Every structure is written in C-alpha cells, then in structure tokens.
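Listing of final_1.cif; format and content: mmCIF, C-alpha atoms.
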data_upload
#
loop_
_atom_site.group_PDB
_atom_site.id
_atom_site.type_symbol
_atom_site.label_atom_id
_atom_site.label_comp_id
_atom_site.auth_asym_id
_atom_site.auth_seq_id
_atom_site.Cartn_x
_atom_site.Cartn_y
_atom_site.Cartn_z
ATOM 1 C CA MET C 142 187.319 162.753 -36.674
ATOM 2 C CA ALA C 143 187.232 160.145 -33.909
ATOM 3 C CA LEU C 144 184.279 161.887 -32.233
ATOM 4 C CA LEU C 145 182.445 162.007 -35.561
ATOM 5 C CA ALA C 146 183.130 158.286 -35.993
ATOM 6 C CA MET C 147 181.655 157.654 -32.531
ATOM 7 C CA HIS C 148 178.458 159.457 -33.488
ATOM 8 C CA ALA C 149 178.256 157.727 -36.858
ATOM 9 C CA ILE C 150 178.598 154.308 -35.222
ATOM 10 C CA TYR C 151 175.869 155.146 -32.730
ATOM 11 C CA TRP C 152 173.349 156.381 -35.310
ATOM 12 C CA MET C 153 174.064 153.692 -37.913
ATOM 13 C CA VAL C 154 174.636 150.624 -35.721
ATOM 14 C CA THR C 155 173.597 151.055 -32.074
ATOM 15 C CA HIS C 156 170.438 153.147 -32.469
ATOM 16 C CA PRO C 157 168.650 150.775 -34.889
ATOM 17 C CA VAL C 158 169.287 147.861 -32.501
ATOM 18 C CA ASN C 159 167.951 149.910 -29.583
ATOM 19 C CA ASN C 160 164.854 150.674 -31.666
ATOM 20 C CA PHE C 161 164.349 146.969 -32.304
ATOM 21 C CA TRP C 162 164.474 146.171 -28.587
ATOM 22 C CA LEU C 163 161.865 148.871 -27.880
ATOM 23 C CA THR C 164 159.307 147.818 -30.523
ATOM 24 C CA GLU C 165 156.988 146.262 -27.925
ATOM 25 C CA ASN C 166 157.711 148.700 -25.069
ATOM 26 C CA GLN C 167 157.556 152.225 -26.502
ATOM 27 C CA PRO C 168 158.683 155.034 -24.187
ATOM 28 C CA GLU C 169 156.680 158.237 -23.866
ATOM 29 C CA GLY C 170 157.539 161.924 -24.204
ATOM 30 C CA ALA C 171 161.094 162.824 -25.192
ATOM 31 C CA GLY C 172 162.125 159.162 -25.260
ATOM 32 C CA LYS C 173 159.431 158.418 -27.831
ATOM 33 C CA ARG C 174 160.651 161.239 -30.083
ATOM 34 C CA PHE C 175 164.273 160.165 -29.686
ATOM 35 C CA PHE C 176 163.653 156.503 -30.509
ATOM 36 C CA SER C 177 161.261 157.287 -33.350
ATOM 37 C CA PHE C 178 164.224 158.731 -35.289
ATOM 38 C CA ARG C 179 165.274 156.280 -37.984
ATOM 39 C CA SER C 180 162.798 153.614 -37.001
ATOM 40 C CA HIS C 181 164.028 150.030 -37.414
ATOM 41 C CA ALA C 182 161.387 148.186 -39.424
ATOM 42 C CA GLU C 183 162.117 144.619 -40.482
ATOM 43 C CA ALA C 184 159.809 142.207 -42.241
ATOM 44 C CA GLU C 185 161.239 139.325 -40.247
ATOM 45 C CA ALA C 186 162.631 139.489 -36.719
ATOM 46 C CA PRO C 187 166.390 138.811 -36.785
ATOM 47 C CA ASP C 188 168.076 136.430 -34.399
ATOM 48 C CA TRP C 189 168.524 138.167 -31.045
ATOM 49 C CA THR C 190 172.104 136.909 -30.692
ATOM 50 C CA VAL C 191 173.082 138.685 -33.919
ATOM 51 C CA LEU C 192 171.549 141.913 -32.609
ATOM 52 C CA ARG C 193 173.270 141.489 -29.238
ATOM 53 C CA ASP C 194 176.657 140.943 -30.872
ATOM 54 C CA ARG C 195 176.144 143.940 -33.157
ATOM 55 C CA TRP C 196 175.184 146.099 -30.149
ATOM 56 C CA GLU C 197 178.199 144.967 -28.117
ATOM 57 C CA ARG C 198 180.668 145.467 -30.991
ATOM 58 C CA SER C 199 179.302 148.941 -31.642
ATOM 59 C CA HIS C 200 179.903 149.903 -28.004
ATOM 60 C CA LEU C 201 183.434 148.501 -28.155
ATOM 61 C CA LEU C 202 184.196 150.517 -31.303
ATOM 62 C CA ARG C 203 182.717 153.661 -29.757
ATOM 63 C CA ALA C 204 184.904 153.177 -26.662
ATOM 64 C CA VAL C 205 188.005 152.789 -28.841
ATOM 65 C CA PHE C 206 187.203 155.954 -30.801
ATOM 66 C CA GLY C 207 186.475 157.789 -27.543
ATOM 67 C CA LEU C 208 189.864 156.758 -26.150
ATOM 68 C CA VAL C 209 191.596 157.807 -29.365
ATOM 69 C CA SER C 210 189.883 161.201 -29.268
ATOM 70 C CA LEU C 211 190.883 161.675 -25.614
ATOM 71 C CA ILE C 212 194.512 160.796 -26.338
ATOM 72 C CA LEU C 213 194.593 163.151 -29.326
ATOM 73 C CA LEU C 214 193.026 165.950 -27.290
ATOM 74 C CA VAL C 215 195.527 165.545 -24.455
ATOM 75 C CA ALA C 216 198.398 165.456 -26.965
ATOM 76 C CA ALA C 217 197.120 168.628 -28.642
ATOM 77 C CA VAL C 218 196.800 170.477 -25.325
ATOM 78 C CA ALA C 219 200.223 169.293 -24.124
ATOM 79 C CA ALA C 220 201.983 170.360 -27.321
#
Starting from the coordinates I provided, produce the structure as structure tokens.
Amino acid sequence: MALLAMHAIYWMVTHPVNNFWLTENQPEGAGKRFFSFRSHAEAEAPDWTVLRDRWERSHLLRAVFGLVSLILLVAAVAA
C-alpha cells in the first residue's frame, strides 16, 4: 500500500508540477511522451513558490512512504 501511495503522489502531485516547469522547454523523444501524460494546462500561471512548495512536499511524502515500505518489507522477510 505504501508503494501504491508513492506512485499516486507522484502522478497526482509531482508530475503536474514537472509538466508546468517544462511548458516552455519541451523534451523530445521518450521524454516528450512521458511528460505529455496528464498535461498541466492552467488558464493563469500560478505563483512559482506555491508550485515549489507543492513539489518539495510531494517528494517528502514519497520519501516517507518509501521508508515505510522498506521497513515493512524488512519486517516481513525477517518474520
């Protein structure tokens, strides 16, 4: 469940912010296909500090869920 939460946080929080940062500098090839998924289209550009904070919090939450999943995996193997 923790690994699923990590993926959900990435696709719902981190990925749209990454798409916003790449609106003016679009990658090519596989990167273009990857970042075209769930394109972030806003009528008005949000404040960059809000996006930065959202991006940083999402990485913190993903790290916490990753640590939880590691601990649970080690506990399951040790039992």
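Across the model, the gap from CA of Trp196 (chain C) to CA of Trp162 (chain C) is 10.8 Å.
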**Request:** Give me, please, the distance in Å between CA of Leu201 (chain C) and CA of Pro157 (chain C), quoted to one decimal.
**Result:** 16.4 Å
**Non-local contacts of Val158 (chain C) (10 Å; only C-alpha atoms; under 5 positions in same chain excluded) as an MDAnalysis selection string** = chainID C and resid 151:153 163 180:181 189 192:193 195:196
Only C-alpha atoms, please: the residues just picked out, written as a compact mmCIF listing (two decimals), keeping the file's coordinate frame.
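Listing of part_20.txt after writing:
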# COMPACT_ATOMS: atom_id res chain seq x y z
CA TYR C 151 175.87 155.15 -32.73
CA TRP C 152 173.35 156.38 -35.31
CA MET C 153 174.06 153.69 -37.91
CA LEU C 163 161.86 148.87 -27.88
CA SER C 180 162.80 153.61 -37.00
CA HIS C 181 164.03 150.03 -37.41
CA TRP C 189 168.52 138.17 -31.04
CA LEU C 192 171.55 141.91 -32.61
CA ARG C 193 173.27 141.49 -29.24
CA ARG C 195 176.14 143.94 -33.16
CA TRP C 196 175.18 146.10 -30.15
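Our summary of the geometry notes that CA of Ala217 (chain C) is positioned 14.1 Å from CA of Ala143 (chain C).
Here the question is which of C:Ala220, C:Val215, C:Leu202, C:Ser210 gets nearest to Ile150 (chain C) using all atoms listed in the file, and that residue is C:Leu202.
With all atoms listed in the file as the atoms that count, the minimum distance from Gly207 (chain C) to the choices C:Met147, C:Val154, C:Val191, C:Met142 is reached by C:Met147.
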Axis-aligned box over every listed atom of region 186-200 of chain C, padded by 6 Å per side: centre and edges in Å to one decimal, as AutoDock Vina command-line options?
--center_x 171.6 --center_y 143.2 --center_z -32.4 --size_x 30.0 --size_y 25.5 --size_z 20.8
